[in-house]
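Colleague: Structure file target-v8.txt (compact mmCIF, C-alpha atoms) right here:
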```txt
# COMPACT_ATOMS: atom_id res chain seq x y z
CA MET A 1472 0.00 0.00 0.00
CA THR A 1473 1.43 3.37 -0.96
CA VAL A 1474 1.23 6.19 1.47
CA ASP A 1475 1.07 9.92 0.89
CA LYS A 1476 4.66 11.14 0.78
CA ASN A 1477 3.91 14.28 2.79
CA LEU A 1478 2.29 12.32 5.57
CA LEU A 1479 5.23 9.91 5.73
CA LEU A 1480 7.52 12.95 5.89
CA GLN A 1481 5.51 14.35 8.82
CA PHE A 1482 5.79 11.04 10.63
CA LEU A 1483 9.57 10.91 10.12
CA LEU A 1484 10.02 14.52 11.24
CA ARG A 1485 8.13 13.72 14.44
CA GLN A 1486 10.53 10.87 15.17
CA GLY A 1487 13.68 12.76 14.24
CA ASP A 1488 12.67 16.02 15.93
CA ASN A 1489 11.91 14.22 19.20
CA THR A 1490 15.37 12.68 19.33
CA LEU A 1491 17.11 15.82 18.04
CA ILE A 1492 15.56 18.25 20.51
CA LEU A 1493 15.87 15.93 23.50
CA GLY A 1494 19.42 15.01 22.42
CA HIS A 1495 20.35 18.69 22.38
CA ARG A 1496 18.70 19.32 25.74
CA VAL A 1497 20.54 16.41 27.36
CA SER A 1498 23.84 17.55 25.82
CA GLU A 1499 23.48 20.83 27.75
CA TRP A 1500 24.50 18.84 30.83
CA CYS A 1501 27.93 18.04 29.40
CA GLY A 1502 30.50 19.24 31.94
CA HIS A 1503 27.85 20.19 34.55
CA SER A 1504 26.64 16.89 36.03
CA PRO A 1505 26.83 16.12 39.75
CA VAL A 1506 29.45 13.36 39.28
CA LEU A 1507 31.72 12.26 36.45
CA GLU A 1508 29.89 8.96 35.76
CA GLU A 1509 26.59 10.82 35.33
CA ASP A 1510 28.22 13.37 33.06
CA ILE A 1511 29.49 10.59 30.82
CA ALA A 1512 26.13 8.83 30.94
CA LEU A 1513 24.20 11.95 29.93
CA ALA A 1514 26.64 12.81 27.15
CA ASN A 1515 26.41 9.25 25.80
CA THR A 1516 22.62 9.32 25.94
CA ALA A 1517 22.64 12.60 24.02
CA LEU A 1518 25.01 11.06 21.48
CA ASP A 1519 22.73 8.06 20.92
CA LEU A 1520 19.73 10.35 20.48
CA ILE A 1521 21.56 12.49 17.94
CA GLY A 1522 22.72 9.33 16.15
CA GLN A 1523 19.12 8.19 15.91
CA THR A 1524 18.25 11.67 14.60
CA GLN A 1525 20.70 11.24 11.74
CA MET A 1526 18.85 8.09 10.69
CA TRP A 1527 15.33 9.55 11.03
CA LEU A 1528 16.05 12.93 9.48
CA GLY A 1529 18.29 11.33 6.84
CA TYR A 1530 15.34 9.23 5.73
CA ALA A 1531 12.99 12.24 6.04
CA ALA A 1532 15.22 14.22 3.67
CA GLU A 1533 15.25 11.30 1.22
CA VAL A 1534 11.45 11.04 1.29
CA GLN A 1535 11.13 14.80 0.88
CA GLY A 1536 13.18 14.50 -2.31
CA GLU A 1537 14.42 18.08 -2.48
CA GLY A 1538 18.11 17.19 -2.25
CA LYS A 1539 18.35 18.21 1.41
CA THR A 1540 20.31 16.41 4.12
CA ALA A 1541 19.62 15.55 7.76
CA ASP A 1542 21.80 18.55 8.67
CA ASP A 1543 19.69 20.90 6.55
CA LEU A 1544 16.56 19.74 8.35
CA ALA A 1545 18.18 20.05 11.77
CA PHE A 1546 19.85 23.41 11.35
CA LEU A 1547 17.83 25.35 8.80
CA ARG A 1548 14.23 24.99 9.93
CA ASP A 1549 12.62 27.43 12.35
CA ALA A 1550 10.50 26.67 15.43
CA TRP A 1551 7.15 26.39 13.59
CA ASP A 1552 8.52 23.63 11.35
CA PHE A 1553 9.56 21.38 14.24
CA ARG A 1554 7.34 18.41 15.09
CA ASN A 1555 8.74 17.24 18.43
CA VAL A 1556 6.44 16.73 21.41
CA LEU A 1557 6.60 19.55 23.95
CA LEU A 1558 8.05 17.23 26.62
CA THR A 1559 11.38 17.06 24.77
CA GLU A 1560 11.91 20.83 24.58
CA LEU A 1561 11.21 21.62 28.25
CA PRO A 1562 14.17 23.00 30.19
CA ASN A 1563 16.39 20.56 32.07
CA GLY A 1564 15.61 21.89 35.54
CA ASP A 1565 17.60 20.01 38.15
CA PHE A 1566 19.25 16.62 37.62
CA GLY A 1567 16.15 14.82 38.92
CA GLN A 1568 13.82 16.65 36.54
CA THR A 1569 16.13 15.80 33.62
CA LEU A 1570 16.08 12.11 34.53
CA MET A 1571 12.31 12.11 35.11
CA ARG A 1572 11.78 13.64 31.64
CA GLN A 1573 14.19 11.06 30.23
CA PHE A 1574 12.30 8.20 31.85
CA LEU A 1575 8.88 9.43 30.65
CA PHE A 1576 10.30 9.66 27.11
CA ASP A 1577 12.40 6.46 27.21
CA ALA A 1578 9.37 4.49 28.38
CA PHE A 1579 7.40 5.75 25.38
CA GLN A 1580 10.26 4.99 22.96
CA SER A 1581 10.70 1.49 24.36
CA VAL A 1582 7.06 0.70 23.58
CA LEU A 1583 7.05 2.48 20.20
CA MET A 1584 10.36 1.08 18.85
CA GLY A 1585 9.21 -2.44 19.63
CA ARG A 1586 6.21 -1.89 17.36
CA LEU A 1587 8.09 -0.02 14.64
CA MET A 1588 10.46 -2.96 14.21
CA GLY A 1589 7.54 -4.69 12.50
CA SER A 1590 6.87 -1.73 10.18
CA THR A 1591 5.94 -2.43 6.54
CA ASP A 1592 8.46 0.27 5.61
CA GLU A 1593 11.85 -1.48 5.56
CA THR A 1594 13.84 1.63 6.44
CA VAL A 1595 11.58 2.50 9.38
CA ALA A 1596 11.90 -1.10 10.63
CA ALA A 1597 15.70 -1.01 10.28
CA ILE A 1598 16.05 2.32 12.11
CA ALA A 1599 13.77 1.07 14.90
CA ALA A 1600 15.75 -2.18 15.23
CA LYS A 1601 18.95 -0.18 15.61
CA ALA A 1602 17.43 2.39 17.98
CA SER A 1603 15.65 -0.19 20.14
CA LYS A 1604 18.98 -1.60 21.37
CA GLU A 1605 19.97 1.85 22.63
CA VAL A 1606 16.52 2.65 24.00
CA ALA A 1607 16.68 -0.58 26.04
CA TYR A 1608 19.64 0.58 28.13
CA HIS A 1609 18.41 4.17 28.23
CA VAL A 1610 15.15 3.15 29.89
CA GLU A 1611 16.96 0.75 32.22
CA ARG A 1612 19.18 3.57 33.46
CA SER A 1613 16.54 6.32 33.65
CA ALA A 1614 14.13 3.99 35.48
CA ASP A 1615 16.86 2.96 37.95
CA THR A 1616 17.73 6.60 38.61
CA VAL A 1617 14.08 7.61 39.07
CA VAL A 1618 13.74 4.81 41.64
CA GLY A 1619 17.02 5.72 43.35
CA LEU A 1620 16.11 9.40 43.71
CA GLY A 1621 12.38 8.89 44.32
CA ASP A 1622 13.00 6.33 47.03
CA GLY A 1623 16.03 8.26 48.31
CA THR A 1624 16.28 11.07 50.83
CA GLU A 1625 13.42 13.37 51.74
CA GLU A 1626 15.02 16.08 49.61
CA SER A 1627 15.47 13.89 46.52
CA HIS A 1628 11.98 12.40 46.94
CA ASN A 1629 10.35 15.84 47.07
CA ARG A 1630 12.27 17.03 44.04
CA MET A 1631 11.27 13.93 42.03
CA GLN A 1632 7.61 14.32 43.02
CA ALA A 1633 7.73 17.99 41.96
CA ALA A 1634 9.39 17.01 38.66
CA LEU A 1635 6.69 14.40 38.01
CA GLU A 1636 3.92 16.91 38.68
CA TYR A 1637 5.51 19.46 36.35
CA LEU A 1638 6.16 16.97 33.53
CA TRP A 1639 3.09 14.73 33.71
CA PRO A 1640 0.79 17.15 31.79
CA TYR A 1641 3.21 16.79 28.85
CA VAL A 1642 2.90 13.00 28.65
CA GLY A 1643 -0.53 12.90 27.00
CA GLU A 1644 0.70 14.54 23.78
CA MET A 1645 2.79 11.47 22.92
CA PHE A 1646 -0.44 9.45 22.54
CA GLU A 1647 -2.30 11.97 20.39
CA SER A 1648 -3.38 10.86 16.94
CA ASP A 1649 -4.38 12.71 13.82
CA GLU A 1650 -4.67 12.08 10.07
CA THR A 1651 -0.92 11.42 9.78
CA ASP A 1652 -1.11 8.66 12.40
CA ALA A 1653 -4.24 7.23 10.81
CA ALA A 1654 -2.47 7.03 7.44
CA MET A 1655 0.63 5.41 8.99
CA ALA A 1656 -1.52 2.87 10.82
CA ALA A 1657 -3.55 2.07 7.70
CA ALA A 1658 -0.35 1.46 5.71
CA GLY A 1659 1.16 -0.65 8.51
CA ILE A 1660 4.08 1.78 8.83
CA ALA A 1661 3.47 2.73 12.48
CA PRO A 1662 0.91 2.03 15.17
CA ASP A 1663 -1.65 4.64 16.15
CA PRO A 1664 0.02 6.17 19.26
CA SER A 1665 -3.24 5.98 21.22
CA THR A 1666 -2.95 2.16 21.13
CA LEU A 1667 0.36 2.33 23.06
CA ARG A 1668 -1.04 3.98 26.19
CA ALA A 1669 -1.97 0.86 28.17
CA GLU A 1670 1.48 -0.69 27.80
CA TYR A 1671 3.11 2.65 28.66
CA ASP A 1672 0.95 3.17 31.74
CA ALA A 1673 1.76 -0.32 33.00
CA LEU A 1674 5.51 0.33 32.76
CA VAL A 1675 5.39 3.85 34.22
CA THR A 1676 3.04 2.90 37.07
CA ARG A 1677 5.29 0.02 38.10
CA VAL A 1678 8.47 2.14 38.16
CA LEU A 1679 6.86 5.12 39.89
CA ALA A 1680 5.38 2.86 42.56
CA GLU A 1681 8.84 1.43 43.21
CA ALA A 1682 10.12 5.01 43.38
CA THR A 1683 7.44 5.74 46.05
CA LEU A 1684 6.12 8.58 43.86
CA THR A 1685 2.47 9.45 43.40
CA LEU A 1686 1.12 9.63 39.87
CA PRO A 1687 -0.90 12.83 39.35
CA GLU A 1688 -4.58 12.10 38.70
CA SER A 1689 -5.19 14.71 36.03
CA ARG A 1690 -5.02 13.56 32.42
CA TYR A 1691 -4.86 17.14 31.13
CA ALA A 1692 -2.35 17.34 28.30
CA HIS A 1693 -0.44 20.30 26.86
CA LYS A 1694 -0.32 19.84 23.08
CA GLY A 1695 0.83 21.51 19.91
CA GLY A 1696 4.40 20.29 19.40
CA ARG A 1697 3.90 17.22 17.24
CA THR A 1698 1.41 19.07 14.99
CA GLY A 1699 3.56 22.22 14.95
CA ARG A 1700 0.54 24.31 15.98
CA MET A 1701 2.22 25.83 19.03
CA HIS A 1702 5.54 25.10 20.72
CA THR A 1703 6.56 26.41 24.13
CA GLU A 1704 8.68 29.54 24.33
CA HIS A 1705 11.63 27.30 25.22
CA LEU A 1706 12.11 25.86 21.73
CA GLY A 1707 13.15 29.12 20.11
CA HIS A 1708 15.87 29.65 22.69
CA LEU A 1709 17.12 26.09 22.22
CA LEU A 1710 17.27 26.54 18.42
CA ALA A 1711 19.08 29.86 18.79
CA THR A 1712 21.92 28.00 20.51
CA MET A 1713 21.81 24.81 18.44
CA GLN A 1714 21.56 26.49 15.03
CA TRP A 1715 23.76 29.51 15.67
CA LEU A 1716 26.80 28.33 13.72
CA GLN A 1717 24.90 27.45 10.53
CA ARG A 1718 22.89 30.66 10.74
CA ALA A 1719 25.93 32.88 11.26
CA TYR A 1720 28.18 31.02 8.80
CA PRO A 1721 25.88 29.35 6.26
CA GLY A 1722 27.34 26.15 4.80
CA CYS A 1723 30.21 26.10 7.27
CA GLU A 1724 31.93 22.68 7.48
CA TRP A 1725 34.90 21.18 9.21
CA MET B 63 45.04 8.17 -16.93
CA THR B 64 45.54 5.34 -14.52
CA THR B 65 46.91 2.06 -15.72
CA PRO B 66 44.17 -0.51 -16.03
CA MET B 67 44.57 -3.19 -13.41
CA THR B 68 43.00 -6.56 -12.96
CA ARG B 69 40.20 -6.48 -10.48
CA PRO B 70 41.20 -8.09 -7.16
CA SER B 71 39.05 -10.88 -5.77
CA THR B 72 36.65 -10.07 -2.93
CA ASP B 73 38.73 -12.44 -0.76
CA GLN B 74 41.72 -10.24 -1.45
CA VAL B 75 39.75 -7.13 -0.44
CA TRP B 76 38.67 -8.85 2.80
CA GLU B 77 42.33 -9.59 3.51
CA TRP B 78 43.21 -5.93 3.10
CA LEU B 79 40.31 -4.85 5.30
CA GLU B 80 41.46 -7.36 7.93
CA THR B 81 44.49 -5.12 8.55
CA ILE B 82 42.54 -1.96 9.49
CA PRO B 83 42.49 -1.35 13.26
CA ASP B 84 39.46 0.06 15.03
CA PRO B 85 40.28 3.77 15.55
CA GLU B 86 39.35 3.73 19.25
CA ILE B 87 40.39 0.20 20.23
CA PRO B 88 43.40 -0.41 17.96
CA VAL B 89 44.06 -3.98 19.18
CA ILE B 90 41.09 -5.24 17.19
CA THR B 91 40.37 -4.81 13.49
CA LEU B 92 37.20 -3.65 11.78
CA VAL B 93 36.67 -7.17 10.43
CA ASP B 94 37.11 -8.64 13.96
CA LEU B 95 34.52 -6.21 15.24
CA GLY B 96 32.01 -7.57 12.70
CA ILE B 97 31.00 -4.21 11.28
CA ILE B 98 32.02 -4.94 7.69
CA ARG B 99 29.01 -6.83 6.40
CA ASP B 100 29.75 -7.31 2.72
CA VAL B 101 32.28 -6.74 -0.05
CA ALA B 102 31.12 -6.93 -3.66
CA PHE B 103 32.01 -5.57 -7.07
CA HIS B 104 29.31 -3.77 -9.00
CA GLY B 105 30.98 -3.42 -12.37
CA GLU B 106 34.31 -1.77 -11.59
CA THR B 107 33.11 -0.32 -8.27
CA CYS B 108 34.07 -2.02 -5.06
CA VAL B 109 31.09 -1.72 -2.70
CA VAL B 110 31.82 -2.19 1.00
CA SER B 111 28.81 -2.41 3.32
CA VAL B 112 29.48 -1.15 6.83
CA THR B 113 27.09 -1.20 9.78
CA PRO B 114 27.47 1.23 12.69
CA THR B 115 28.07 -0.17 16.18
CA TYR B 116 26.03 2.57 17.87
CA SER B 117 23.92 5.02 15.89
CA GLY B 118 25.80 8.05 17.18
CA CYS B 119 29.28 6.55 17.33
CA PRO B 120 31.65 9.39 16.38
CA ALA B 121 34.19 6.87 15.08
CA THR B 122 31.95 6.03 12.11
CA SER B 123 33.27 8.74 9.81
CA MET B 124 36.84 7.88 10.82
CA ILE B 125 36.19 4.21 10.05
CA ASN B 126 34.83 5.07 6.59
CA MET B 127 37.88 7.21 5.88
CA ASP B 128 40.24 4.43 7.03
CA ILE B 129 38.54 1.90 4.74
CA GLU B 130 38.75 4.22 1.78
CA THR B 131 42.41 5.07 2.43
CA CYS B 132 43.33 1.40 2.79
CA LEU B 133 41.66 0.38 -0.46
CA ARG B 134 43.13 3.32 -2.37
CA ASP B 135 46.59 2.37 -1.10
CA HIS B 136 46.01 -1.04 -2.70
CA GLY B 137 45.19 0.60 -6.02
CA LEU B 138 41.39 0.56 -5.92
CA ASP B 139 39.94 3.81 -7.23
CA ASN B 140 36.24 3.13 -7.52
CA ILE B 141 35.03 2.63 -3.99
CA GLU B 142 31.55 2.99 -2.61
CA LEU B 143 30.82 2.75 1.11
CA LYS B 144 27.28 1.74 1.90
CA GLN B 145 25.74 2.11 5.34
CA GLN B 146 23.77 -0.99 6.17
CA LEU B 147 21.40 -0.63 9.14
CA SER B 148 19.69 -3.99 9.05
CA PRO B 149 20.28 -6.42 10.62
CA ALA B 150 21.50 -4.21 13.45
CA TRP B 151 25.04 -4.84 14.69
CA THR B 152 25.38 -7.20 17.61
CA THR B 153 28.41 -8.06 19.72
CA ASP B 154 27.73 -11.71 18.74
CA TRP B 155 29.49 -10.87 15.46
CA MET B 156 32.75 -10.15 17.24
CA SER B 157 35.36 -12.85 16.56
CA ASP B 158 36.93 -14.99 19.32
CA LYS B 159 40.28 -13.51 18.34
CA ALA B 160 38.90 -10.03 19.03
CA ARG B 161 37.43 -11.06 22.38
CA ALA B 162 40.80 -12.41 23.50
CA ALA B 163 42.58 -9.28 22.24
CA LEU B 164 40.18 -7.04 24.15
CA GLU B 165 40.77 -8.86 27.41
CA GLU B 166 44.53 -8.80 26.90
CA TYR B 167 44.21 -5.03 26.33
CA GLY B 168 42.34 -4.54 29.62
CA ILE B 169 38.76 -4.37 28.34
CA ALA B 170 36.42 -7.15 29.49
CA PRO B 171 34.75 -8.71 26.41
CA PRO B 172 30.93 -8.73 26.00
CA GLN B 173 29.03 -11.55 27.71
CA PRO B 174 25.47 -12.70 27.04
CA ALA B 175 24.81 -12.50 30.80
CA GLY B 176 25.09 -8.70 30.48
CA GLY B 177 28.17 -8.19 32.63
CA PRO B 178 31.83 -9.22 32.68
CA THR B 179 32.75 -12.67 34.02
CA ARG B 180 36.15 -11.70 35.39
CA CYS B 181 38.48 -8.75 35.90
CA PRO B 182 40.73 -8.30 32.83
CA HIS B 183 43.61 -7.31 35.16
CA CYS B 184 43.67 -9.94 37.90
CA GLY B 185 40.98 -12.44 36.87
CA GLY B 186 39.01 -11.68 40.04
CA THR B 187 35.30 -12.44 40.04
CA HIS B 188 34.03 -9.99 42.66
CA LEU B 189 32.90 -7.22 40.37
CA GLU B 190 30.61 -4.21 40.58
CA LYS B 191 29.12 -1.94 37.95
CA LEU B 192 30.01 1.74 38.27
CA SER B 193 28.11 3.05 35.27
CA GLN B 194 26.37 1.73 32.19
CA PHE B 195 28.35 4.25 30.18
CA GLY B 196 32.07 4.62 29.56
CA SER B 197 34.65 6.41 27.44
CA THR B 198 32.97 5.29 24.20
CA PRO B 199 29.32 4.41 23.48
CA CYS B 200 30.19 0.69 23.36
CA LYS B 201 31.63 0.43 26.87
CA ALA B 202 30.49 0.46 30.52
CA GLN B 203 32.56 1.12 33.64
CA TRP B 204 33.12 -1.64 36.18
CA ARG B 205 35.39 -2.17 39.17
CA CYS B 206 37.10 -5.28 40.53
CA LYS B 207 36.65 -5.66 44.28
CA ASP B 208 39.60 -8.09 44.43
CA CYS B 209 42.34 -5.87 42.98
CA LEU B 210 40.31 -2.62 43.42
CA GLU B 211 41.12 -1.53 39.85
CA PRO B 212 38.45 0.01 37.64
CA PHE B 213 38.12 -1.44 34.14
CA GLU B 214 35.97 -1.09 31.06
CA TYR B 215 33.48 -3.67 29.87
CA PHE B 216 32.44 -3.95 26.23
CA LYS B 217 28.63 -3.90 26.45
CA CYS B 218 26.70 -6.81 25.00
CA ILE B 219 24.07 -5.62 22.52
```
As structure tokens, what does this structure read like?
Modeller:
Amino acid sequence: MTVDKNLLLQFLLRQGDNTLILGHRVSEWCGHSPVLEEDIALANTALDLIGQTQMWLGYAAEVQGEGKTADDLAFLRDAWDFRNVLLTELPNGDFGQTLMRQFLFDAFQSVLMGRLMGSTDETVAAIAAKASKEVAYHVERSADTVVGLGDGTEESHNRMQAALEYLWPYVGEMFESDETDAAMAAAGIAPDPSTLRAEYDALVTRVLAEATLTLPESRYAHKGGRTGRMHTEHLGHLLATMQWLQRAYPGCEW
Amino acid sequence: MTTPMTRPSTDQVWEWLETIPDPEIPVITLVDLGIIRDVAFHGETCVVSVTPTYSGCPATSMINMDIETCLRDHGLDNIELKQQLSPAWTTDWMSDKARAALEEYGIAPPQPAGGPTRCPHCGGTHLEKLSQFGSTPCKAQWRCKDCLEPFEYFKCI
């Protein structure tokens, strides 16, 4: 079954923009982490995410067919063209908030990549197979850290509970679906995200219970990132840093 | 004009590739590591398929350059490097020779159990994990509680 090229492109941008924006956010920790091991871990996580971005945006550029590269898509689009979920662009906050955000995202990726490995699109399946190996140890580490800090001291517990309450309203957007998702599901390229919620909730509930944290009851969700309708004010600032070199010195290479 | 040469066999090309060390762990070769998936001639072009170890591994571009330089040094001019994502690289493809070389070098080789079996320095078996991440994407940091030395473990993926 053939799928509308523009819809496939939207789907690929959503994947690549999620990993690109979160990868950049996590890289902001480089040289600032509480201990050396965590610094290395965060930098490596960022590196994996940016590696996955090269695959997703590389394929997006190929599907787009305008002779662009993954770099063009990463560095020469402005905020309104990005399709990442809002969760990924939120500021790092403290170390605990960064790891809570990472866990909420890793848990989603671990469910999604498992499904995408069976995609009817060979390239999507191959990228997912590659990424899933990395996602597996990302979620293992972020879950362990959430448990360690949640079930830690009174100070770390309170910070993790506050991080969860701040981030939870951004979880719902990952399970949104629209015409792009419907087309991907119909073509067997990707599952409708709304069908992933039960598996996600089971994983997150188990880890947060072990972390002695209380899941907020509200299901209110901030939205607008994955459709590009409205990003938070944080994305523009992130892009200003990330894209500065290519904007100031167009075409610069080393 | 270059002098026309007879096309080498793919076995010959594999032999040449067998001499290229990994840029970050020079005691093992790219062939040992299992990342060179195929060598074939399409017409006069030698096509080498390479799979990345980790998607963001910064050594990838260095590896591609090393392959190209090696083959050019052996007189091959038409070279194409193809990135092959599927099937995804696994440490199962690493040769026994490479596993022994890693240990000798001080890096514990990957184990299906998910952690090292013994300390590469003293052979001790009382080990603890310090971090899932190390100096390169493919390694984790461990410590031996017998000799108290830290060491790196090549992650099993």
Colleague: Identify, on the basis of all atoms listed in the file, every residue whose closest approach to B:Lys144 does not exceed 10 Å; exclude the query and any residue fewer than 4 positions from it along the same chain; express the result as a list in words.
Modeller: Arg99, Asp100, Val109, Val110, Ser111, Val112, Thr113 and Asn126 of chain B
Colleague: With all atoms listed in the file considered, list every residue of chain A at most 8 Å from chain B, as a list in words.
Modeller: Glu1508, Glu1509, Ile1511, Ala1512, Asn1515, Leu1518, Asp1519, Leu1520, Ile1521, Gly1522, Gln1523, Met1526, Ala1597, Ile1598, Ala1600, Lys1601, Ala1602, Lys1604, Glu1605, Tyr1608 and Arg1612 of chain A
Colleague: When you draw a straight line from atom CA of A:Gly1585 to atom CA of A:Met1571, how long is it in Å?
Modeller: 21.5 Å
Colleague: Show me the residues around (13.2, 9.3, 6.9) - criterion: an atom at most 12 Å away, only C-alpha atoms counted - as JSON, numbers by chain.
Modeller: {"A": [1476, 1477, 1478, 1479, 1480, 1481, 1482, 1483, 1484, 1485, 1486, 1487, 1488, 1523, 1524, 1525, 1526, 1527, 1528, 1529, 1530, 1531, 1532, 1533, 1534, 1535, 1536, 1539, 1540, 1541, 1544, 1592, 1593, 1594, 1595, 1596, 1597, 1598, 1599, 1660]}
Colleague: Can you work out which one of B:Ala163, B:Leu143, B:Val75, B:Ile129 has the shortest atom-to-atom distance to B:Ile87, counting all atoms listed in the file?
Modeller: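 Looking at the shortest contact to B:Ile87, the residue is B:Ala163.
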Colleague: What lies within 9 Å of B:Thr72 using all atoms listed in the file, ignoring chain neighbours under 3 positions off, as a PyMOL selection string?
Modeller: chain B and resi 75-77+101-103+108
Colleague: Mind giving me the straight-line distance from atom CA of B:Lys201 to atom CA of B:Asp94 in Å, one decimal?
Modeller: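 We find that atom CA of B:Lys201 and atom CA of B:Asp94 lie 16.7 Å from each other.
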Colleague: Hey, what's within 6 Å of stretch 1550-1565 of chain A if we count all atoms listed in the file and toss same-chain stuff fewer than 2 positions away? As a ChimeraX atom specification, please?
Modeller: /A:1485,1488-1489,1493,1567-1569,1641,1696-1699,1706-1707
